[in-house]
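J.: The following block contains the structure, expressed as structure tokens.
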Amino acid sequence: MENNTDLAKKYFLLGDNKFEKGLFKESCEDFEKSLGYFPNRLSTLSKLLICKVKLKKYEESEKIINQINSIDSNYVYGKYAKALYYADTFDFIKSKEELLPIINSKNETKEFLSTFNNCLGRALFNLDDYEEAISRYLKAIELNPKNYTAYNNLGNAYLSRNNYSEGWKYYEYRLKKDNIDHKKYPKKIEDIRNKQILLNHEQGLGDTIQFISLVPELIKFNCKIDFLIPEVLNNLFKIKDVNFINTLGNSKYYDYEINLMSLPYYLNTNLREPPQNEIINPDIFLERSNIIDKNCFNIGIAWSGNQNYEYDKIRSTNLKSLENILSIQKKYPVKFFCLQKDIKKEDIIYFQNSNIKYLGNLKFHDLAKEIVDLDLVVSTCTSILHLAATLKQKTYGLIGYKADWRWLQDQKKYNWYESLEIFRLKKNEKWEEISKTVVNNIVKLIK
């Protein structure tokens with residue numbers, strides 16, 4: 001008959017196996033069973049904490065942190081797990097404090113030390129200590145040359161400092177980090193000349209809308225291109241000699257298969273000098289909207305994106321924080337149109353009580369037809385911002401303080417989109433504050 005220690009070990013190993021496969025919900029169940037037999041085992045508590053963080057179970061995470069601290073607040077893996085929690089809740093100062101004592105721990109494997117250094121690099125990057133962040137990423141790679149997350153983070157760091165040659169090179173490690181198939185990549189872009197190419201949509205819809213403007217550069221190599229895109233983007237684009245598809249046929253052969261976000265690397269793209277290519281389907285501009293009221297100043301609005309995105313809290317806001325903007329309609333003949341698809345739970349009641357017409361159920365081709373008749377689009381960093389700016393509509397981009405690399409540094413204008421004006425949060429500034437500046441600009445447009 002198994003004793004408590006044996007049962008605790010049994011369920012820990014079952015949970016650990018699922019943990020390695022990324023099955024965090026299932027591994028939680030096994031770790032909790034293990035703790036039922038051995039309640040204060042720090043290794044199990046630490047793994048359970050990481051699972052809870054991955055599942056965004058923050059209240060439960062805090063209880064586990066208190067339990068770990070009551071047993072041994074200096075336990076190495078406990079400190080690492082706590083650092084992950086603080087990073088995920090954007091308390092990077094505390095994340096850094098947990099990591100600094102353990103990055104040079106003795107008796108730890110190089111793989112673990114690499115992971116600690118990479119995690120510290122993330123905290124330092126978000127605390128604006130770019131040089132030291134890069135140093136930590138490089139140390140992580142030195143300790144474990146297979147730490148592809150560190151390579152990818154290093155690429156993001158370089159890109160954020162406008163170092164494109166190094167940035168795009170390391171950004172390619174996302175392919176290994178995320179197990180994205182790249183076996184049929186060309187060694188150099190010139191290899192695609194006169195070949196049949198499959199181009200794959202990658203990452204978010206906003207990435208595709210922005211970087212599809214690079215695709216016409218491939219046509220210069222006289223290649224034939226099938227571009228595999230999500231159905232929601234159908235009929236939005238039109239590029240000569242590019243065939244847009246939603247599914248793959250079993251019989252078609254491709255000489256090379258490339259993921260869209262690798263094009264900046266192959267083409268050595270400088271975000272300050274974007275290509276001037278027309279990629280939008282011209283049919284969109286032929287039909288006029290029967291929804292937009294031309295007797296009013298019409299504003300499309302999008303305030304939040306996919307909440308499963310790792311940094312959604314940085315780029316998105318809640319609708320009430322833009323109350324200053326919405327209040328314009330009390331003084332001026334203004335109508336608001338919701339352009340985003342999903343309304344988060346915390347926004348539903350406020351949205352229902354706001355005078356905003358919902359257009360988020362439209363596919364992008366139909367939504368684009370409405371956007372081109374708007375007077376202004378106000379959007380956080382979502383696919384809607386990219387769509388409106390690509391359509392060359394007047395767009396106000398509300399960008400978070402720690403925005404990703406594409407938005408460069410402290411830029412009000414953005415060369416990629418000539419119709420976009422950026423309103424970027426300052427450190428510790430709130431969305432409510434920056435919305436007041438946006439209101440002043442909107443009023444000038446109305447008058």
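Please note that chains go A, B, ... in the order of the structure tokens, that every chain numbers its residues from 1, and that ligands are numbered from 1 in the order shown.
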Excluding region 61-66 of chain A and any residue of its chain fewer than 2 positions from it, enumerate the residues within 10 Å of it, using only C-alpha atoms, and give them as a list in words.
T.: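 After dropping sequence-adjacent residues, the list is Leu45, Ser46, Leu48, Leu49, Ile50, Cys51, Lys52, Val53, Leu55, Lys56, Lys57, Tyr58, Glu59, Ile68, Asn69, Ser70, Ile71, Ser73, Gly78, Lys79, Ala81, Lys82 and Tyr85 of chain A.
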J.: Find the residues near region 275-290 of chain A: any atom within 12 Å, counting only C-alpha atoms, skip ones fewer than 6 places away on the same chain, and give them as a ChimeraX atom specification.
T.: /A:208-219,233-242,264,267-269,298,364-374,387-393,415-418
J.: Now that the selection is made, can you save its residues with N, CA and C atoms as a tab-separated table (two decimals), in the first residue's frame?
T.:
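Final file, again_36.tsv:
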```tsv
chain	number	residue	atom	x	y	z
A	208	THR	N	-0.42	41.07	-40.03
A	208	THR	CA	-0.64	40.79	-41.45
A	208	THR	C	-1.02	42.05	-42.21
A	209	ILE	N	-1.92	42.86	-41.64
A	209	ILE	CA	-2.35	44.08	-42.32
A	209	ILE	C	-1.18	45.04	-42.50
A	210	GLN	N	-0.28	45.10	-41.52
A	210	GLN	CA	0.87	46.01	-41.66
A	210	GLN	C	1.92	45.47	-42.63
A	211	PHE	N	2.32	44.23	-42.43
A	211	PHE	CA	3.49	43.75	-43.16
A	211	PHE	C	3.16	43.11	-44.51
A	212	ILE	N	1.88	43.05	-44.85
A	212	ILE	CA	1.54	42.58	-46.19
A	212	ILE	C	2.05	43.56	-47.25
A	213	SER	N	2.32	44.79	-46.85
A	213	SER	CA	2.85	45.76	-47.81
A	213	SER	C	4.25	45.38	-48.30
A	214	LEU	N	4.88	44.39	-47.64
A	214	LEU	CA	6.18	43.90	-48.10
A	214	LEU	C	6.03	42.87	-49.22
A	215	VAL	N	4.85	42.28	-49.33
A	215	VAL	CA	4.66	41.18	-50.28
A	215	VAL	C	4.95	41.58	-51.73
A	216	PRO	N	4.51	42.76	-52.20
A	216	PRO	CA	4.83	43.13	-53.58
A	216	PRO	C	6.33	43.16	-53.88
A	217	GLU	N	7.15	43.30	-52.84
A	217	GLU	CA	8.60	43.27	-53.05
A	217	GLU	C	9.06	41.89	-53.55
A	218	LEU	N	8.30	40.85	-53.20
A	218	LEU	CA	8.66	39.50	-53.64
A	218	LEU	C	8.37	39.29	-55.12
A	219	ILE	N	7.37	40.00	-55.62
A	219	ILE	CA	6.98	39.84	-57.03
A	219	ILE	C	8.12	40.24	-57.96
A	233	LEU	N	-10.02	37.97	-43.37
A	233	LEU	CA	-9.32	38.98	-44.18
A	233	LEU	C	-9.65	38.88	-45.67
A	234	ASN	N	-10.53	37.96	-46.04
A	234	ASN	CA	-10.86	37.78	-47.45
A	234	ASN	C	-11.35	39.07	-48.09
A	235	ASN	N	-10.88	39.29	-49.33
A	235	ASN	CA	-11.30	40.42	-50.18
A	235	ASN	C	-10.81	41.79	-49.68
A	236	LEU	N	-10.01	41.79	-48.63
A	236	LEU	CA	-9.48	43.06	-48.13
A	236	LEU	C	-8.29	43.54	-48.97
A	237	PHE	N	-7.52	42.59	-49.49
A	237	PHE	CA	-6.30	42.92	-50.22
A	237	PHE	C	-6.42	42.56	-51.70
A	238	LYS	N	-5.63	43.25	-52.49
A	238	LYS	CA	-5.51	42.91	-53.91
A	238	LYS	C	-4.10	43.28	-54.35
A	239	ILE	N	-3.32	42.24	-54.68
A	239	ILE	CA	-1.93	42.45	-55.10
A	239	ILE	C	-1.70	41.65	-56.38
A	240	LYS	N	-1.18	42.30	-57.35
A	240	LYS	CA	-0.94	41.65	-58.63
A	240	LYS	C	-0.07	40.41	-58.46
A	241	ASP	N	-0.49	39.32	-59.08
A	241	ASP	CA	0.24	38.04	-59.10
A	241	ASP	C	0.30	37.36	-57.73
A	242	VAL	N	-0.57	37.77	-56.79
A	242	VAL	CA	-0.66	37.09	-55.50
A	242	VAL	C	-2.05	36.47	-55.38
A	264	PRO	N	10.49	40.87	-43.10
A	264	PRO	CA	11.37	41.97	-42.71
A	264	PRO	C	12.84	41.56	-42.62
A	267	LEU	N	14.14	40.97	-46.26
A	267	LEU	CA	14.20	42.22	-47.04
A	267	LEU	C	14.95	43.33	-46.32
A	268	ASN	N	15.46	42.99	-45.12
A	268	ASN	CA	16.22	43.97	-44.32
A	268	ASN	C	15.43	45.27	-44.17
A	269	THR	N	14.22	45.14	-43.68
A	269	THR	CA	13.27	46.25	-43.62
A	269	THR	C	13.65	47.26	-42.54
A	298	ASN	N	-18.28	61.55	-37.42
A	298	ASN	CA	-18.35	60.12	-37.13
A	298	ASN	C	-16.99	59.57	-36.72
A	364	PHE	N	-13.58	42.02	-42.17
A	364	PHE	CA	-12.74	43.19	-42.39
A	364	PHE	C	-13.03	43.91	-43.71
A	365	HIS	N	-13.40	43.16	-44.73
A	365	HIS	CA	-13.72	43.79	-46.02
A	365	HIS	C	-14.92	44.72	-45.87
A	366	ASP	N	-15.96	44.25	-45.18
A	366	ASP	CA	-17.15	45.07	-44.97
A	366	ASP	C	-16.91	46.18	-43.96
A	367	LEU	N	-16.11	45.88	-42.95
A	367	LEU	CA	-15.78	46.90	-41.96
A	367	LEU	C	-14.98	48.03	-42.61
A	368	ALA	N	-14.09	47.67	-43.51
A	368	ALA	CA	-13.29	48.68	-44.22
A	368	ALA	C	-14.18	49.64	-44.99
A	369	LYS	N	-15.27	49.14	-45.56
A	369	LYS	CA	-16.20	50.00	-46.31
A	369	LYS	C	-16.82	51.06	-45.40
A	370	GLU	N	-17.03	50.71	-44.15
A	370	GLU	CA	-17.57	51.68	-43.19
A	370	GLU	C	-16.49	52.65	-42.73
A	371	ILE	N	-15.30	52.13	-42.50
A	371	ILE	CA	-14.20	52.96	-41.99
A	371	ILE	C	-13.85	54.09	-42.95
A	372	VAL	N	-13.89	53.81	-44.26
A	372	VAL	CA	-13.50	54.84	-45.22
A	372	VAL	C	-14.48	56.01	-45.25
A	373	ASP	N	-15.66	55.85	-44.66
A	373	ASP	CA	-16.62	56.94	-44.59
A	373	ASP	C	-16.63	57.63	-43.23
A	374	LEU	N	-15.80	57.17	-42.30
A	374	LEU	CA	-15.69	57.83	-41.01
A	374	LEU	C	-14.83	59.08	-41.11
A	387	LEU	N	-5.77	48.56	-39.69
A	387	LEU	CA	-6.72	48.59	-40.79
A	387	LEU	C	-7.05	50.02	-41.19
A	388	ALA	N	-7.41	50.85	-40.22
A	388	ALA	CA	-7.79	52.24	-40.51
A	388	ALA	C	-6.63	53.01	-41.13
A	389	ALA	N	-5.43	52.84	-40.58
A	389	ALA	CA	-4.28	53.57	-41.09
A	389	ALA	C	-3.87	53.08	-42.47
A	390	THR	N	-4.02	51.79	-42.71
A	390	THR	CA	-3.73	51.25	-44.05
A	390	THR	C	-4.71	51.80	-45.08
A	391	LEU	N	-5.94	52.04	-44.64
A	391	LEU	CA	-6.96	52.64	-45.53
A	391	LEU	C	-6.75	54.14	-45.71
A	392	LYS	N	-5.72	54.66	-45.02
A	392	LYS	CA	-5.33	56.08	-45.10
A	392	LYS	C	-6.41	56.99	-44.52
A	393	GLN	N	-7.16	56.46	-43.57
A	393	GLN	CA	-8.12	57.28	-42.85
A	393	GLN	C	-7.44	57.99	-41.69
A	415	ASN	N	6.10	56.80	-40.06
A	415	ASN	CA	6.27	56.78	-41.51
A	415	ASN	C	5.49	55.67	-42.20
A	416	TRP	N	5.25	54.59	-41.47
A	416	TRP	CA	4.56	53.46	-42.09
A	416	TRP	C	3.13	53.86	-42.47
A	417	TYR	N	2.52	54.71	-41.67
A	417	TYR	CA	1.14	55.14	-41.91
A	417	TYR	C	1.09	56.66	-41.90
A	418	GLU	N	0.94	57.26	-43.06
A	418	GLU	CA	0.98	58.72	-43.14
A	418	GLU	C	-0.23	59.39	-42.49
```
J.: Excluding region 106-120 of chain A and its own-chain neighbours fewer than 2 positions away, which residues fall within 8 Å of it when counting only C-alpha atoms? Please give them as a ChimeraX atom specification.
T.: /A:80,83-84,95-96,99-100,102-104,122-124,133,136-137,139-144,147,149-150
J.: Mind giving me the straight-line distance from CA of Arg174 (chain A) to CA of Leu260 (chain A) in Å, one decimal?
T.: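 Here the two named atoms are 12.5 Å from each other.
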J.: Which of these residues is nearest to Gly360 (chain A), using only C-alpha atoms: A:Gly305, A:Lys427, A:Trp405, A:Leu322?
T.: A:Gly305
J.: So, counting only C-alpha atoms, which residue among A:Lys183, A:Arg315, A:Lys436, A:Lys341 is closest to Leu398 (chain A)?
T.: A:Arg315
J.: Find the residues around Val334 (chain A) up to 8 Å (only C-alpha atoms counted), leave out those fewer than 6 positions away in its own chain, and share them as an mmCIF file with all heavy atoms, in the first residue's frame.
T.:
```cif
data_model
loop_
_atom_site.group_PDB
_atom_site.id
_atom_site.type_symbol
_atom_site.label_atom_id
_atom_site.label_comp_id
_atom_site.auth_asym_id
_atom_site.auth_seq_id
_atom_site.Cartn_x
_atom_site.Cartn_y
_atom_site.Cartn_z
ATOM 1 N N CYS A 296 -23.227 64.278 -39.030
ATOM 2 C CA CYS A 296 -22.480 64.238 -37.773
ATOM 3 C C CYS A 296 -20.990 64.035 -38.048
ATOM 4 O O CYS A 296 -20.589 63.699 -39.169
ATOM 5 C CB CYS A 296 -22.985 63.096 -36.881
ATOM 6 S SG CYS A 296 -24.664 63.310 -36.281
ATOM 7 N N PHE A 297 -20.201 64.241 -37.020
ATOM 8 C CA PHE A 297 -18.787 63.888 -37.073
ATOM 9 C C PHE A 297 -18.704 62.455 -36.564
ATOM 10 O O PHE A 297 -19.024 62.171 -35.411
ATOM 11 C CB PHE A 297 -17.966 64.830 -36.193
ATOM 12 C CG PHE A 297 -16.485 64.697 -36.385
ATOM 13 C CD1 PHE A 297 -15.827 65.423 -37.371
ATOM 14 C CD2 PHE A 297 -15.738 63.845 -35.579
ATOM 15 C CE1 PHE A 297 -14.455 65.304 -37.543
ATOM 16 C CE2 PHE A 297 -14.374 63.722 -35.750
ATOM 17 C CZ PHE A 297 -13.723 64.460 -36.740
ATOM 18 N N ASN A 298 -18.285 61.552 -37.423
ATOM 19 C CA ASN A 298 -18.351 60.118 -37.134
ATOM 20 C C ASN A 298 -16.989 59.570 -36.719
ATOM 21 O O ASN A 298 -16.013 59.695 -37.463
ATOM 22 C CB ASN A 298 -18.863 59.364 -38.363
ATOM 23 C CG ASN A 298 -20.272 59.795 -38.731
ATOM 24 O OD1 ASN A 298 -21.242 59.412 -38.096
ATOM 25 N ND2 ASN A 298 -20.390 60.634 -39.773
ATOM 26 N N ILE A 299 -16.963 58.943 -35.556
ATOM 27 C CA ILE A 299 -15.709 58.436 -34.996
ATOM 28 C C ILE A 299 -15.816 56.936 -34.745
ATOM 29 O O ILE A 299 -16.713 56.470 -34.027
ATOM 30 C CB ILE A 299 -15.365 59.143 -33.667
ATOM 31 C CG1 ILE A 299 -15.261 60.660 -33.868
ATOM 32 C CG2 ILE A 299 -14.063 58.593 -33.090
ATOM 33 C CD1 ILE A 299 -15.029 61.435 -32.580
ATOM 34 N N ILE A 328 -17.702 63.791 -25.712
ATOM 35 C CA ILE A 328 -17.743 64.839 -26.732
ATOM 36 C C ILE A 328 -19.139 64.953 -27.343
ATOM 37 O O ILE A 328 -19.596 66.041 -27.696
ATOM 38 C CB ILE A 328 -16.698 64.546 -27.842
ATOM 39 C CG1 ILE A 328 -15.296 64.659 -27.273
ATOM 40 C CG2 ILE A 328 -16.860 65.508 -29.020
ATOM 41 C CD1 ILE A 328 -14.207 64.313 -28.283
#
```
J.: Within 6 Å of region 377-383 of chain A, counting only C-alpha atoms, which residues show up once you throw out same-chain ones fewer than 2 positions away? Write them as a PyMOL selection string, please.
T.: chain A and resi 205-206+299-303+305+315+385-386+395-399
J.: Rounded to one decimal in Å, what is the spacing between CA of Ile384 (chain A) and CA of Leu339 (chain A)?
T.: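 Separation of CA of Ile384 (chain A) and CA of Leu339 (chain A): 7.0 Å.
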J.: Do you have the CA of Asn153 (chain A)-CA of Pro186 (chain A) distance handy?
T.: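 Distance between the two atoms: 23.9 Å.
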J.: When distances are computed from only C-alpha atoms, which of A:Thr5, A:Ser135, A:Ser160, A:Thr89 shows the smallest separation from Asp404 (chain A)?
T.: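 Nearest to Asp404 (chain A): A:Ser160.
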J.: Counting only C-alpha atoms, what is within 12 Å of Asp6 (chain A), bar same-chain residues fewer than 6 positions away, as a PDB file with all heavy atoms, in the first residue's frame?
T.:
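Result file is result_39.pdb:
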```
ATOM      1  N   PHE A  12       3.075  14.284  -8.235  1.00  0.00           N
ATOM      2  CA  PHE A  12       4.003  15.329  -8.671  1.00  0.00           C
ATOM      3  C   PHE A  12       4.588  14.976 -10.041  1.00  0.00           C
ATOM      4  O   PHE A  12       4.657  15.829 -10.939  1.00  0.00           O
ATOM      5  CB  PHE A  12       5.136  15.516  -7.660  1.00  0.00           C
ATOM      6  CG  PHE A  12       6.177  16.500  -8.125  1.00  0.00           C
ATOM      7  CD1 PHE A  12       5.981  17.869  -7.973  1.00  0.00           C
ATOM      8  CD2 PHE A  12       7.346  16.066  -8.752  1.00  0.00           C
ATOM      9  CE1 PHE A  12       6.932  18.785  -8.414  1.00  0.00           C
ATOM     10  CE2 PHE A  12       8.297  16.969  -9.191  1.00  0.00           C
ATOM     11  CZ  PHE A  12       8.090  18.336  -9.028  1.00  0.00           C
ATOM     12  N   LEU A  13       4.999  13.737 -10.210  1.00  0.00           N
ATOM     13  CA  LEU A  13       5.593  13.309 -11.485  1.00  0.00           C
ATOM     14  C   LEU A  13       4.568  13.355 -12.612  1.00  0.00           C
ATOM     15  O   LEU A  13       4.892  13.730 -13.747  1.00  0.00           O
ATOM     16  CB  LEU A  13       6.176  11.903 -11.347  1.00  0.00           C
ATOM     17  CG  LEU A  13       7.405  11.795 -10.437  1.00  0.00           C
ATOM     18  CD1 LEU A  13       7.816  10.334 -10.256  1.00  0.00           C
ATOM     19  CD2 LEU A  13       8.579  12.596 -11.010  1.00  0.00           C
ATOM     20  N   SER A  34      -0.966  16.121  -5.180  1.00  0.00           N
ATOM     21  CA  SER A  34       0.311  15.839  -4.519  1.00  0.00           C
ATOM     22  C   SER A  34       0.419  16.602  -3.199  1.00  0.00           C
ATOM     23  O   SER A  34       0.853  16.053  -2.173  1.00  0.00           O
ATOM     24  CB  SER A  34       1.461  16.217  -5.447  1.00  0.00           C
ATOM     25  OG  SER A  34       2.714  16.012  -4.824  1.00  0.00           O
ATOM     26  N   LEU A  35      -0.008  17.869  -3.215  1.00  0.00           N
ATOM     27  CA  LEU A  35       0.063  18.686  -2.004  1.00  0.00           C
ATOM     28  C   LEU A  35      -0.912  18.207  -0.937  1.00  0.00           C
ATOM     29  O   LEU A  35      -0.718  18.468   0.258  1.00  0.00           O
ATOM     30  CB  LEU A  35      -0.225  20.151  -2.355  1.00  0.00           C
ATOM     31  CG  LEU A  35       0.891  20.862  -3.141  1.00  0.00           C
ATOM     32  CD1 LEU A  35       0.382  22.195  -3.710  1.00  0.00           C
ATOM     33  CD2 LEU A  35       2.106  21.095  -2.254  1.00  0.00           C
ATOM     34  N   TYR A  37      -1.115  15.253   0.005  1.00  0.00           N
ATOM     35  CA  TYR A  37      -0.363  14.265   0.767  1.00  0.00           C
ATOM     36  C   TYR A  37       0.907  14.859   1.378  1.00  0.00           C
ATOM     37  O   TYR A  37       1.440  14.312   2.349  1.00  0.00           O
ATOM     38  CB  TYR A  37       0.019  13.091  -0.144  1.00  0.00           C
ATOM     39  CG  TYR A  37      -1.176  12.333  -0.671  1.00  0.00           C
ATOM     40  CD1 TYR A  37      -1.614  12.517  -1.979  1.00  0.00           C
ATOM     41  CD2 TYR A  37      -1.874  11.446   0.150  1.00  0.00           C
ATOM     42  CE1 TYR A  37      -2.717  11.822  -2.464  1.00  0.00           C
ATOM     43  CE2 TYR A  37      -2.981  10.745  -0.323  1.00  0.00           C
ATOM     44  CZ  TYR A  37      -3.394  10.944  -1.634  1.00  0.00           C
ATOM     45  OH  TYR A  37      -4.487  10.267  -2.104  1.00  0.00           O
ATOM     46  N   PHE A  38       1.400  15.963   0.789  1.00  0.00           N
ATOM     47  CA  PHE A  38       2.650  16.583   1.267  1.00  0.00           C
ATOM     48  C   PHE A  38       2.477  18.098   1.109  1.00  0.00           C
ATOM     49  O   PHE A  38       2.983  18.693   0.168  1.00  0.00           O
ATOM     50  CB  PHE A  38       3.825  16.066   0.430  1.00  0.00           C
ATOM     51  CG  PHE A  38       5.181  16.280   1.036  1.00  0.00           C
ATOM     52  CD1 PHE A  38       6.238  15.442   0.706  1.00  0.00           C
ATOM     53  CD2 PHE A  38       5.415  17.308   1.937  1.00  0.00           C
ATOM     54  CE1 PHE A  38       7.506  15.624   1.250  1.00  0.00           C
ATOM     55  CE2 PHE A  38       6.659  17.503   2.494  1.00  0.00           C
ATOM     56  CZ  PHE A  38       7.714  16.654   2.145  1.00  0.00           C
TER      57      PHE A  38
END
```
J.: Taking into account only C-alpha atoms, which residue in the set A:Ala8, A:Asn163, A:Ser435, A:Phe221 is nearest to Lys188 (chain A)?
T.: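 Closest to Lys188 (chain A) of all the choices is A:Phe221.
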J.: May I ask which of the residues A:Lys320, A:Lys252, A:Arg161, A:Lys54 is the closest one to Ile349 (chain A), counting only C-alpha atoms?
T.: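 Once distances to Ile349 (chain A) are computed over only C-alpha atoms, the minimum belongs to A:Lys320.
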J.: Excluding Ile229 (chain A) and residues on its chain fewer than 2 positions from it, collect all residues at most 8 Å away from it, counting only C-alpha atoms, and give them as a ChimeraX atom specification.
T.: /A:200-201,227,231,233-234,244-246
J.: Let me see the file: selected residues, N, CA, C and O atoms, as a compact mmCIF listing (two decimals), in the first residue's frame.
T.:
```txt
# COMPACT_ATOMS: atom_id res chain seq x y z
N ASN A 200 2.67 32.30 -45.51
CA ASN A 200 1.73 32.00 -44.43
C ASN A 200 1.45 33.22 -43.56
O ASN A 200 2.38 33.91 -43.13
N HIS A 201 0.17 33.47 -43.30
CA HIS A 201 -0.21 34.44 -42.27
C HIS A 201 0.41 34.02 -40.96
O HIS A 201 0.52 32.84 -40.65
N PHE A 227 -0.90 33.09 -50.91
CA PHE A 227 -0.82 33.63 -49.56
C PHE A 227 -1.97 33.06 -48.74
O PHE A 227 -3.13 33.34 -48.99
N GLU A 231 -9.86 33.58 -43.07
CA GLU A 231 -11.03 33.93 -43.86
C GLU A 231 -11.53 35.35 -43.57
O GLU A 231 -12.07 36.03 -44.45
N LEU A 233 -10.02 37.97 -43.37
CA LEU A 233 -9.32 38.98 -44.18
C LEU A 233 -9.65 38.88 -45.67
O LEU A 233 -9.10 39.65 -46.47
N ASN A 234 -10.53 37.96 -46.04
CA ASN A 234 -10.86 37.78 -47.45
C ASN A 234 -11.35 39.07 -48.09
O ASN A 234 -12.11 39.84 -47.50
N PHE A 244 -4.71 34.77 -53.03
CA PHE A 244 -5.05 34.61 -51.63
C PHE A 244 -5.91 33.36 -51.44
O PHE A 244 -6.88 33.14 -52.15
N ILE A 245 -5.51 32.53 -50.45
CA ILE A 245 -6.21 31.28 -50.19
C ILE A 245 -6.49 31.15 -48.69
O ILE A 245 -5.83 31.79 -47.87
N ASN A 246 -7.45 30.31 -48.34
CA ASN A 246 -7.78 30.05 -46.93
C ASN A 246 -7.43 28.64 -46.50
O ASN A 246 -7.31 28.38 -45.29
```
J.: Pick out each residue of region 6-155 of chain A that DSSP on the backbone tags as alpha helix (DSSP H); I need them as a PyMOL selection string.
T.: chain A and resi 6-20+24-37+42-54+58-72+76-88+92-99+110-126+130-143+148-155
